[in-house]
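Here's the structure, in structure tokens; my notes come after.
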Amino acid sequence: MPKGFWLNDIRAANPHARTQEVPCHFVPTFHSHIPEMMDPIDTTNSSTNALATRGPFLNPVYDHSCPDPFVLKYRGEYWAYGSNGLWDGRYFRVLHSRDLVHWRELTGTLVPIPGDSPEYWAPEVTYDKGRFYLYYSVGDEEHMQMRVAVADAPAGPFIDSGHRLTTEKFAIDGHVFTDDDGARYFFYAVDFLEHSHIGTGTVRDRMLDLFTLEGKPRPVTRAQFDWQVYDPQRAEKGGVRWHTVEGPFVLKRKGIYYQMFSGGNWKNVTYGVSYARTDDIETNDEWAQACDGDRVLPILRTRPDKEVIGPGHNSVVRGPDNMQLYCVYHRWNQVTRQRVLAIDPLEWAGDRLIVLGPSSTPQPAPLLPTFADSFDEARANGLGAGWSCDGGGWSVREGAAIQQSLESDAMARCITRATHFVCEVNLRALEFGENGAFGVALNADEKSTLRFTINPMRGDAAIARQNENSWTEQALALPRDFDPRVFHLVRVEVDGLRVRVRLDGVTSWRGALVTQATRVGLITHNAAAAFAGFALTVGWEDQFDVPEVQPADLRWHSDDSAAWRIRDQQLMYAGARAESLIRKGPSLQSYLFVVNARLDPRYLQSGEYGFYPALGDDDTGPLLRVQRAGDTWELVCRDSSGARKFSLPENFDPSIYQHWRFRKEDGRLTIQLEEEQLGEIAVSREPTRVGLYVHTARAAFDLVRVTAISDASR
């Protein structure tokens with residue numbers, strides 16, 4: 001153990017539709033050599049113990065019944081639940097996956113409640129303090145209530161808790177949203193019989209605990225538009241014109257809350273998924289809806305031209321790389337007469353939420369981490385290839401890395417080296433002494449530069465950070481009922497010297513390092529602990545939403561640096577030069593470059609913005625510029641071989657945020673505008689970085705993300 005490793009003072013389903021067993025083709029755990037990655041970083045030979053998804057995928061990813069799908073990510077793996085009927089004496093059959101594409105069927109999960117309740121709808125599962133809570137609708141279709149069941153494992157079996165959450169005659173489609181401060185809210189759908197547009201809409205209520213609502217539901221989204229008509233003369237409701245808004249799912253970005261919902265009738269071409277937003281989750285007002293069905297269409301909708309019918313009732317989950325979000329939804333299979341499971345990337349363009357679908361052609365598979373270890377192969381001594389262990393007694397069993405010694409400091413370092421990355425790991429205490437602690441360390445080579453620890457006896461967490469010649473510690477509060485003996489998720493985002501640490505989805509700390517971190521370690525001090533679902537992805541994301549941070553703090557570099565500023569959660573150019581370039585590394589071999597950009601409306605006649613998606617160290621590489629072409633716009637690529645033009649949609653408006661995607665791989669760069677692929681060009685096979693460009697204009701960028709493409713993802 002290196003001296004000074006630890007400082008001692010730092011502590012609606014089809015109930016009769018039977019699905020066949022579909023195998024999940026897992027790749028066995030393996031431990032090939034993982035090269036250390038220097039700057040420029042080459043991820044092409046990195047290894048992963050996750051399922052090796054290669055090549056494209058095609059929707060549906062599970063072509064059997066899975067209505068109203070909800071996907072839970074737990075310990076790096078995926079569990080899908082749908083409104084299936086009775087299976088082996090239980091409702092809601094469970095699917096399991098490691099990559100969101102290959103799914104394996106498991107048994108039914110919910111033990112039915114006593115009584116005659118034939119309808120079980122829309123399951124959603126929340127993990128908290130070592131247990132799993134399944135929220136579901138049950139009743140006879142006319143009378144429906146929200147209930148919660150509990151299990152000790154994501155696959156169940158779930159046993160009803162005896163708690164009815166709602167009091168309305170008809171309540172369905174429950175969704176639990178946890179805000180940044182840990183407050184929970186329950187969104188669900190009820191009937192509004194005296195509203196201007198009679199039908200089902202969504203409400204929000206605060207959760208007092210996982211079994212109890214405050215009892216003060218407030219309308220969030222009620223029907224407003226014709227596309228939300230379910231039945232113009234619904235006989236079961238007395239022949240009224242009936243509207244439907246249901247299936248709420250809530251996300252938050254840059255202080256804005258987005259509630260996704262499904263509207264209308266799946267048999268109509270107008271059916272689909274839209275969203276509403278607010279900047280105050282406690283508001284008594286309804287949230288502002290984004291789509292009117294006429295000028296602005298739902299973000300997912302029936303597309304006969306793509307043979308996509310009835311996409312709806314979605315959930316959202318992070319992909320295997322822990323960076324890209326995916327919209328998970330059902331759609332209608334006209335041959336099997338079932339609602340089947342589909343996925344597509346979910347993004348924002350400014351405050352506009354978008355889904356890059358519904359897709360019906362081969363799509364790039366979800367990116368895998370640069371390095372991952374599911375610890376699903378027993379290892380008696382040490383953790384195997386990919387790890388360097390110091391101190392303690394390390395082994396692998398029961399899907400976790402175990403450090404079992406209570407008498408010494410211990411660290412297991414992931415030998416993958418990077419300067420910009422996202423890392424997730426689940427961890428829990430097994431035993432601990434008076435000063436026991438366990439957590440995650442960031443290392444500069446062999447020396448720690450930051451440690452995040454959970455301190456069970458003290459009842460807090462802590463950030464210990466190395467300064468110039470000393471260490472400082474900052475205590476972090478934990479929830480009063482925090483249990484260190486169950487698994488908790490730690491997420492660490494390293495963007496150069498900037499670091500953010502999240503515990504169970506809530507930001508615990510963010511700040512800057514003095515020394516660049518290049519490695520991640522799992523650590524214990526006078527404690528035995530278990531670590532599971534480790535994943536590290538090389539890359540970075542800037543949303544420009546951290547107060548008082550400017551481009552140089554995020555390692556953006558420009559010869560015109562004074563003119564590039566972060567303001568209103570945007571990276572903005574407001575200089576006077578005819579041309580300006582700002583760039584950021586590190587250099588990578590293969591990667592996905594995602595960026596949102598818009599042009600100041602005052603410069604629509606003569607201004608341009610653009611991108612250097614593969615910029616060499618000498619600032620050479622293809623430049624892609626968004627240029628006016630008469631009354632329309634085009635993307636012009638200029639490089640050493642000349643110019644090439646790509647047509648943009650007729651309704652393309654550069655004054656609003658547009659979402660661009662560039663995938664550099666094997667000497668080719670594919671170019672995509674939202675879900676439309678524009679084409680590809682040849683680029684260098686050498687490691688490159690990315691840059692943003694402005695010409696005689698002022699422009700803004702509200703998202704830039706670069707994700708390394710590992711060999712396992714190709």
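Lettering and numbering for the structure tokens are positional, with chains as A, B, ... in the shown order, residues counted from 1 in each chain, and ligands counted from 1 in the shown order.
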> What's the 12 Å shell around Gly82 of chain A, counting only C-alpha atoms, without same-chain residues fewer than 2 positions away, as a PyMOL selection string?
Replying inline: chain A and resi 12-15+62+64-72+79-80+84-87+91-95+105+108-110+120-125+134-137+173+313-315+328-330+338-341
Selected residues, C-alpha atoms, written as an mmCIF file, in the first residue's frame, please.
data_model
loop_
_atom_site.group_PDB
_atom_site.id
_atom_site.type_symbol
_atom_site.label_atom_id
_atom_site.label_comp_id
_atom_site.auth_asym_id
_atom_site.auth_seq_id
_atom_site.Cartn_x
_atom_site.Cartn_y
_atom_site.Cartn_z
ATOM 1 C CA ALA A 12 -54.004 -2.710 -21.395
ATOM 2 C CA ALA A 13 -52.810 -5.411 -22.310
ATOM 3 C CA ASN A 14 -53.858 -8.564 -24.110
ATOM 4 C CA PRO A 15 -54.272 -10.969 -21.188
ATOM 5 C CA TYR A 62 -38.641 -7.128 -28.548
ATOM 6 C CA HIS A 64 -43.719 -9.701 -28.499
ATOM 7 C CA SER A 65 -46.323 -8.218 -26.216
ATOM 8 C CA CYS A 66 -44.966 -5.465 -23.941
ATOM 9 C CA PRO A 67 -47.585 -2.685 -23.649
ATOM 10 C CA ASP A 68 -46.957 0.492 -21.619
ATOM 11 C CA PRO A 69 -43.265 -0.350 -21.144
ATOM 12 C CA PHE A 70 -41.246 0.915 -18.217
ATOM 13 C CA VAL A 71 -37.502 0.183 -18.034
ATOM 14 C CA LEU A 72 -35.516 0.277 -14.785
ATOM 15 C CA TRP A 79 -35.438 -4.603 -16.395
ATOM 16 C CA ALA A 80 -38.536 -3.984 -18.519
ATOM 17 C CA ASN A 84 -49.072 -8.095 -19.831
ATOM 18 C CA GLY A 85 -51.832 -10.373 -18.610
ATOM 19 C CA LEU A 86 -51.616 -13.244 -16.179
ATOM 20 C CA TRP A 87 -48.455 -15.319 -16.481
ATOM 21 C CA TYR A 91 -49.192 -10.327 -13.766
ATOM 22 C CA PHE A 92 -46.557 -8.205 -15.550
ATOM 23 C CA ARG A 93 -43.948 -10.443 -17.097
ATOM 24 C CA VAL A 94 -40.400 -9.065 -16.756
ATOM 25 C CA LEU A 95 -37.730 -8.744 -19.450
ATOM 26 C CA GLU A 105 -38.074 -13.112 -20.850
ATOM 27 C CA GLY A 108 -44.462 -13.009 -14.101
ATOM 28 C CA THR A 109 -43.702 -10.599 -11.291
ATOM 29 C CA LEU A 110 -46.843 -9.375 -9.451
ATOM 30 C CA TYR A 120 -53.731 -4.726 -14.322
ATOM 31 C CA TRP A 121 -52.093 -1.828 -16.186
ATOM 32 C CA ALA A 122 -48.927 0.217 -16.599
ATOM 33 C CA PRO A 123 -46.363 -1.077 -14.069
ATOM 34 C CA GLU A 124 -43.503 1.196 -13.022
ATOM 35 C CA VAL A 125 -40.722 0.227 -10.607
ATOM 36 C CA LEU A 134 -43.972 -1.432 -8.211
ATOM 37 C CA TYR A 135 -46.710 1.135 -8.878
ATOM 38 C CA TYR A 136 -49.612 -0.165 -10.932
ATOM 39 C CA SER A 137 -53.261 0.395 -11.865
ATOM 40 C CA ASP A 173 -50.539 5.236 -15.191
ATOM 41 C CA HIS A 313 -46.866 5.258 -23.499
ATOM 42 C CA ASN A 314 -43.154 5.745 -23.055
ATOM 43 C CA SER A 315 -40.521 5.764 -20.345
ATOM 44 C CA VAL A 328 -38.706 3.314 -24.619
ATOM 45 C CA TYR A 329 -42.210 2.931 -26.052
ATOM 46 C CA HIS A 330 -44.699 0.465 -27.467
ATOM 47 C CA GLN A 338 -49.611 -6.991 -30.146
ATOM 48 C CA ARG A 339 -47.973 -3.878 -28.743
ATOM 49 C CA VAL A 340 -44.242 -4.474 -28.996
ATOM 50 C CA LEU A 341 -41.145 -2.821 -27.510
#
Where does segment 476-509 of chain A meet segment 177-181 of chain A within 9 Å, residue by residue, with the nearest atom pair and distance in Å to one decimal for each, counting only C-alpha atoms, listed by chain and rising number, as JSON lines?
{"residue": "A:Gly505", "atom": "CA", "partner": "A:Asp180", "partner_atom": "CA", "distance": 7.9}
{"residue": "A:Val506", "atom": "CA", "partner": "A:Asp180", "partner_atom": "CA", "distance": 5.5}
{"residue": "A:Thr507", "atom": "CA", "partner": "A:Asp180", "partner_atom": "CA", "distance": 7.2}
Selected residues, N, CA and C atoms, written as a short mmCIF file (atom, residue, chain, number, x, y, z; two decimals), in the first residue's frame, please.
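What landed in part-v7.cif:
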data_model
loop_
_atom_site.label_atom_id
_atom_site.label_comp_id
_atom_site.auth_asym_id
_atom_site.auth_seq_id
_atom_site.Cartn_x
_atom_site.Cartn_y
_atom_site.Cartn_z
N GLY A 505 -28.62 9.69 -7.87
CA GLY A 505 -29.23 10.61 -8.81
C GLY A 505 -29.27 12.05 -8.39
N VAL A 506 -28.86 12.35 -7.16
CA VAL A 506 -28.89 13.72 -6.64
C VAL A 506 -27.45 14.24 -6.56
N THR A 507 -27.21 15.44 -7.07
CA THR A 507 -25.87 16.01 -7.02
C THR A 507 -25.42 16.22 -5.59
#
> By how many Å are atom CA of Val422 of chain A and atom CA of Glu398 of chain A apart?
Replying inline: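 Distance between the two atoms: 25.0 Å.
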> DSSP says strand (DSSP E or B) for which residues of segment 241-448 of chain A? Put them as a VMD selection string?
Replying inline: chain A and resid 241 to 253 256 to 263 272 to 278 288 to 289 300 to 301 303 308 to 318 325 to 333 338 to 349 352 to 355 363 to 364 371 to 373 379 387 to 390 394 to 397 400 to 403 409 to 414 420 to 444 447 to 448
> Using only C-alpha atoms, which residues sit within 12 Å of Leu406 of chain A once same-chain residues fewer than 2 positions away are excluded, as a PyMOL selection string?
Replying inline: chain A and resi 391-394+402-404+408-410+429-438+524-529
May I have the selected residues written with C-alpha atoms, as an mmCIF file, in the first residue's frame?
data_model
loop_
_atom_site.group_PDB
_atom_site.id
_atom_site.type_symbol
_atom_site.label_atom_id
_atom_site.label_comp_id
_atom_site.auth_asym_id
_atom_site.auth_seq_id
_atom_site.Cartn_x
_atom_site.Cartn_y
_atom_site.Cartn_z
ATOM 1 C CA GLY A 391 -4.320 -3.579 0.098
ATOM 2 C CA GLY A 392 -7.317 -5.424 1.469
ATOM 3 C CA GLY A 393 -8.694 -8.729 0.265
ATOM 4 C CA TRP A 394 -10.424 -8.471 -3.101
ATOM 5 C CA ILE A 402 -15.903 -7.676 -2.605
ATOM 6 C CA GLN A 403 -13.282 -6.079 -0.384
ATOM 7 C CA GLN A 404 -13.604 -8.079 2.827
ATOM 8 C CA SER A 408 -6.523 -1.892 6.287
ATOM 9 C CA ASP A 409 -6.996 0.649 3.572
ATOM 10 C CA ALA A 410 -7.769 -0.825 0.179
ATOM 11 C CA ALA A 429 -21.109 -1.578 3.113
ATOM 12 C CA LEU A 430 -20.779 -5.129 4.396
ATOM 13 C CA GLU A 431 -19.109 -4.383 7.741
ATOM 14 C CA PHE A 432 -17.424 -1.310 9.157
ATOM 15 C CA GLY A 433 -15.476 -0.171 12.204
ATOM 16 C CA GLU A 434 -15.751 3.082 14.138
ATOM 17 C CA ASN A 435 -14.002 5.126 11.459
ATOM 18 C CA GLY A 436 -15.033 2.913 8.570
ATOM 19 C CA ALA A 437 -15.676 4.417 5.155
ATOM 20 C CA PHE A 438 -16.084 3.274 1.558
ATOM 21 C CA THR A 524 -12.433 1.232 1.628
ATOM 22 C CA HIS A 525 -11.052 2.314 5.002
ATOM 23 C CA ASN A 526 -11.608 0.043 8.015
ATOM 24 C CA ALA A 527 -14.625 -1.330 6.185
ATOM 25 C CA ALA A 528 -15.688 -4.259 4.063
ATOM 26 C CA ALA A 529 -17.761 -3.303 1.035
#
>> List the spatial neighbours of segment 604-617 of chain A as a list in words - criterion: any atom at most 7 Å away, only C-alpha atoms, same-chain residues fewer than 6 positions off excluded.
In response: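 Neighbouring residues, sequence-local ones excluded: Phe593, Leu623, Leu624, Arg625, Val626, Gln627, Phe662, Val683, Thr688, Arg689, Val690, Gly691, Leu692, Tyr693, Val694, His695, Thr696, Ala697 and Ala699 of chain A.
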Can I get the selected residues back with N, CA, C and O atoms, as a JSON list (two decimals), in the first residue's frame?
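Output below, filename part14.json:
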[["chain", "number", "residue", "atom", "x", "y", "z"],
["A", 593, "PHE", "N", -20.21, 12.91, -31.84],
["A", 593, "PHE", "CA", -20.18, 14.34, -31.51],
["A", 593, "PHE", "C", -21.59, 14.89, -31.70],
["A", 593, "PHE", "O", -22.14, 14.84, -32.80],
["A", 623, "LEU", "N", -14.56, 21.48, -42.51],
["A", 623, "LEU", "CA", -15.44, 22.47, -41.90],
["A", 623, "LEU", "C", -16.82, 22.33, -42.53],
["A", 623, "LEU", "O", -16.96, 22.40, -43.75],
["A", 624, "LEU", "N", -17.84, 22.15, -41.69],
["A", 624, "LEU", "CA", -19.22, 22.05, -42.15],
["A", 624, "LEU", "C", -19.95, 23.32, -41.73],
["A", 624, "LEU", "O", -20.08, 23.60, -40.54],
["A", 625, "ARG", "N", -20.44, 24.09, -42.74],
["A", 625, "ARG", "CA", -21.04, 25.39, -42.49],
["A", 625, "ARG", "C", -22.51, 25.37, -42.90],
["A", 625, "ARG", "O", -22.87, 24.89, -43.98],
["A", 626, "VAL", "N", -23.36, 25.93, -42.04],
["A", 626, "VAL", "CA", -24.78, 26.11, -42.35],
["A", 626, "VAL", "C", -24.91, 27.44, -43.08],
["A", 626, "VAL", "O", -24.68, 28.50, -42.50],
["A", 627, "GLN", "N", -25.28, 27.38, -44.37],
["A", 627, "GLN", "CA", -25.28, 28.56, -45.22],
["A", 627, "GLN", "C", -26.65, 28.76, -45.88],
["A", 627, "GLN", "O", -27.37, 27.79, -46.15],
["A", 662, "PHE", "N", -22.73, 13.89, -35.35],
["A", 662, "PHE", "CA", -21.64, 13.51, -36.24],
["A", 662, "PHE", "C", -20.95, 12.29, -35.63],
["A", 662, "PHE", "O", -20.48, 12.34, -34.49],
["A", 683, "VAL", "N", -12.83, 11.33, -43.43],
["A", 683, "VAL", "CA", -12.06, 12.11, -42.46],
["A", 683, "VAL", "C", -10.82, 11.32, -42.06],
["A", 683, "VAL", "O", -10.67, 10.15, -42.41],
["A", 688, "THR", "N", -8.70, 12.83, -33.29],
["A", 688, "THR", "CA", -9.04, 14.23, -33.54],
["A", 688, "THR", "C", -9.93, 14.74, -32.41],
["A", 688, "THR", "O", -10.38, 13.98, -31.56],
["A", 689, "ARG", "N", -10.17, 16.04, -32.41],
["A", 689, "ARG", "CA", -11.04, 16.68, -31.43],
["A", 689, "ARG", "C", -12.12, 17.43, -32.19],
["A", 689, "ARG", "O", -12.27, 17.27, -33.41],
["A", 690, "VAL", "N", -12.90, 18.25, -31.47],
["A", 690, "VAL", "CA", -14.03, 18.92, -32.11],
["A", 690, "VAL", "C", -13.91, 20.43, -31.94],
["A", 690, "VAL", "O", -13.24, 20.93, -31.02],
["A", 691, "GLY", "N", -14.57, 21.17, -32.84],
["A", 691, "GLY", "CA", -14.56, 22.63, -32.78],
["A", 691, "GLY", "C", -15.88, 23.20, -33.26],
["A", 691, "GLY", "O", -16.63, 22.56, -34.01],
["A", 692, "LEU", "N", -16.19, 24.42, -32.82],
["A", 692, "LEU", "CA", -17.37, 25.17, -33.23],
["A", 692, "LEU", "C", -16.90, 26.41, -33.98],
["A", 692, "LEU", "O", -15.88, 27.01, -33.63],
["A", 693, "TYR", "N", -17.68, 26.83, -34.96],
["A", 693, "TYR", "CA", -17.25, 27.88, -35.88],
["A", 693, "TYR", "C", -18.37, 28.90, -36.07],
["A", 693, "TYR", "O", -19.56, 28.54, -36.13],
["A", 694, "VAL", "N", -17.99, 30.17, -36.19],
["A", 694, "VAL", "CA", -18.95, 31.24, -36.47],
["A", 694, "VAL", "C", -18.34, 32.14, -37.53],
["A", 694, "VAL", "O", -17.13, 32.46, -37.49],
["A", 695, "HIS", "N", -19.18, 32.58, -38.50],
["A", 695, "HIS", "CA", -18.71, 33.45, -39.58],
["A", 695, "HIS", "C", -19.66, 34.65, -39.71],
["A", 695, "HIS", "O", -20.86, 34.49, -39.96],
["A", 696, "THR", "N", -19.13, 35.84, -39.52],
["A", 696, "THR", "CA", -19.88, 37.11, -39.62],
["A", 696, "THR", "C", -21.24, 37.02, -38.96],
["A", 696, "THR", "O", -22.26, 37.39, -39.56],
["A", 697, "ALA", "N", -21.26, 36.51, -37.76],
["A", 697, "ALA", "CA", -22.55, 36.33, -37.08],
["A", 697, "ALA", "C", -22.33, 36.19, -35.59],
["A", 697, "ALA", "O", -21.20, 36.11, -35.10],
["A", 699, "ALA", "N", -23.79, 33.55, -32.64],
["A", 699, "ALA", "CA", -24.43, 32.24, -32.56],
["A", 699, "ALA", "C", -24.35, 31.73, -31.14],
["A", 699, "ALA", "O", -23.60, 32.25, -30.30]]
>> Counting only C-alpha atoms, which residue out of A:Ala155, A:Pro114, A:Glu236, A:Gly247 sits closest to His175 of chain A?
In response: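 With only C-alpha atoms as the atom set, the closest residue is A:Gly247.
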> Got a sec: who's within 6 Å of Tyr133 of chain A, counting only C-alpha atoms, leaving out chain neighbours fewer than 3 positions off, as JSON, numbers by chain?
Replying inline: {"A": [125, 126, 149, 150]}
Emit the selected residues as a CSV table (one decimal), in the first residue's frame, including N, CA and C atoms.
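selection-v4.csv written:
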chain,number,residue,atom,x,y,z
A,125,VAL,N,-41.5,0.7,-11.8
A,125,VAL,CA,-40.7,0.2,-10.6
A,125,VAL,C,-39.7,1.3,-10.2
A,126,THR,N,-39.7,1.6,-8.9
A,126,THR,CA,-38.7,2.5,-8.3
A,126,THR,C,-37.9,1.7,-7.3
A,149,ALA,N,-46.7,-2.3,-4.8
A,149,ALA,CA,-46.3,-3.6,-4.4
A,149,ALA,C,-44.8,-3.5,-4.1
A,150,VAL,N,-44.2,-4.5,-3.4
A,150,VAL,CA,-42.9,-4.4,-2.9
A,150,VAL,C,-42.2,-5.8,-3.2
>> Could you tell me how far atom CA of Ala183 of chain A sits from atom CA of Glu246 of chain A, in Å to one decimal place?
In response: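 Spanning atom CA of Glu246 of chain A to atom CA of Ala183 of chain A is a straight-line distance of 22.7 Å.
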> Which neighbours of Leu442 of chain A fall inside 7 Å, counting only C-alpha atoms, when residues of the same chain fewer than 5 positions from it are skipped, and could you give them as a ChimeraX atom specification?
Replying inline: /A:448-451,517,519-521
Give me a file of those residues, with N, CA and C atoms, as a PDB file, in the first residue's frame.
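again.pdb, written as the output of this step:
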ATOM      1  N   SER A 448      -3.971   9.757  -5.131  1.00  0.00           N
ATOM      2  CA  SER A 448      -5.347  10.245  -5.074  1.00  0.00           C
ATOM      3  C   SER A 448      -5.376  11.765  -5.149  1.00  0.00           C
ATOM      4  N   THR A 449      -6.387  12.272  -5.852  1.00  0.00           N
ATOM      5  CA  THR A 449      -6.590  13.714  -5.908  1.00  0.00           C
ATOM      6  C   THR A 449      -7.962  14.125  -5.382  1.00  0.00           C
ATOM      7  N   LEU A 450      -8.903  13.152  -5.340  1.00  0.00           N
ATOM      8  CA  LEU A 450     -10.225  13.394  -4.751  1.00  0.00           C
ATOM      9  C   LEU A 450     -10.795  12.069  -4.292  1.00  0.00           C
ATOM     10  N   ARG A 451     -11.504  12.105  -3.156  1.00  0.00           N
ATOM     11  CA  ARG A 451     -12.174  10.914  -2.649  1.00  0.00           C
ATOM     12  C   ARG A 451     -13.584  11.266  -2.208  1.00  0.00           C
ATOM     13  N   ALA A 517      -7.281  14.391 -12.775  1.00  0.00           N
ATOM     14  CA  ALA A 517      -7.548  12.981 -12.486  1.00  0.00           C
ATOM     15  C   ALA A 517      -7.513  12.189 -13.782  1.00  0.00           C
ATOM     16  N   ARG A 519      -7.675   8.384 -13.401  1.00  0.00           N
ATOM     17  CA  ARG A 519      -8.147   7.033 -13.102  1.00  0.00           C
ATOM     18  C   ARG A 519      -9.195   7.067 -12.000  1.00  0.00           C
ATOM     19  N   VAL A 520      -9.956   5.980 -11.914  1.00  0.00           N
ATOM     20  CA  VAL A 520     -10.973   5.819 -10.884  1.00  0.00           C
ATOM     21  C   VAL A 520     -10.603   4.619 -10.027  1.00  0.00           C
ATOM     22  N   GLY A 521     -10.805   4.751  -8.727  1.00  0.00           N
ATOM     23  CA  GLY A 521     -10.555   3.647  -7.815  1.00  0.00           C
ATOM     24  C   GLY A 521     -11.732   3.393  -6.899  1.00  0.00           C
TER      25      GLY A 521
END
Return as a tab-separated table the residues of segment 539-593 of chain A lying at most 12 Å from segment 370-376 of chain A, together with the closest atom-to-atom pair for each and the distance in Å to one decimal, counting only C-alpha atoms, with rows in chain order and ascending residue number.
residue	atom	partner	partner_atom	distance
A:Gly539	CA	A:Thr370	CA	9.3
A:Ser590	CA	A:Thr370	CA	11.4
A:Tyr591	CA	A:Thr370	CA	11.1
Residue subset to file, keeping N, CA, C and O atoms, as an mmCIF file, in the first residue's frame:
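Below is the file that was written, out_8.cif:
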data_model
loop_
_atom_site.group_PDB
_atom_site.id
_atom_site.type_symbol
_atom_site.label_atom_id
_atom_site.label_comp_id
_atom_site.auth_asym_id
_atom_site.auth_seq_id
_atom_site.Cartn_x
_atom_site.Cartn_y
_atom_site.Cartn_z
ATOM 1 N N GLY A 539 -15.478 10.398 -22.481
ATOM 2 C CA GLY A 539 -16.248 11.423 -23.162
ATOM 3 C C GLY A 539 -16.626 12.536 -22.206
ATOM 4 O O GLY A 539 -16.210 12.541 -21.036
ATOM 5 N N SER A 590 -12.340 7.348 -32.344
ATOM 6 C CA SER A 590 -13.701 7.210 -32.861
ATOM 7 C C SER A 590 -14.655 7.763 -31.814
ATOM 8 O O SER A 590 -14.486 7.503 -30.613
ATOM 9 N N TYR A 591 -15.669 8.507 -32.260
ATOM 10 C CA TYR A 591 -16.565 9.115 -31.286
ATOM 11 C C TYR A 591 -17.845 9.606 -31.950
ATOM 12 O O TYR A 591 -17.940 9.747 -33.179
#
>> Neighbouring residues of segment 349-357 of chain A were defined as those with any atom within 8 Å, considering only C-alpha atoms; residues of the same chain fewer than 6 positions away were excluded. Please report them as an NGL selection string.
In response: :A and (275 or 299-300 or 327 or 596 or 656-659 or 674-675 or 702)
> Quick one, how far is atom CA of Ala365 of chain A from atom CA of Glu307 of chain A?
Replying inline: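 Spanning atom CA of Ala365 of chain A to atom CA of Glu307 of chain A is a straight-line distance of 20.7 Å.
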>> Taking only C-alpha atoms into account, name the residue in A:Asp504, A:Trp387, A:Gly585, A:Ala700 that is nearest to Arg417 of chain A.
In response: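 The shortest atom-to-atom distance to Arg417 of chain A comes from A:Trp387.
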> Which residue, A:Asp553, A:Asp560, A:Asp568, A:Asp483, has the smallest gap to Ala512 of chain A when you use only C-alpha atoms?
Replying inline: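 Using only C-alpha atoms, the shortest distance to Ala512 of chain A belongs to A:Asp553.
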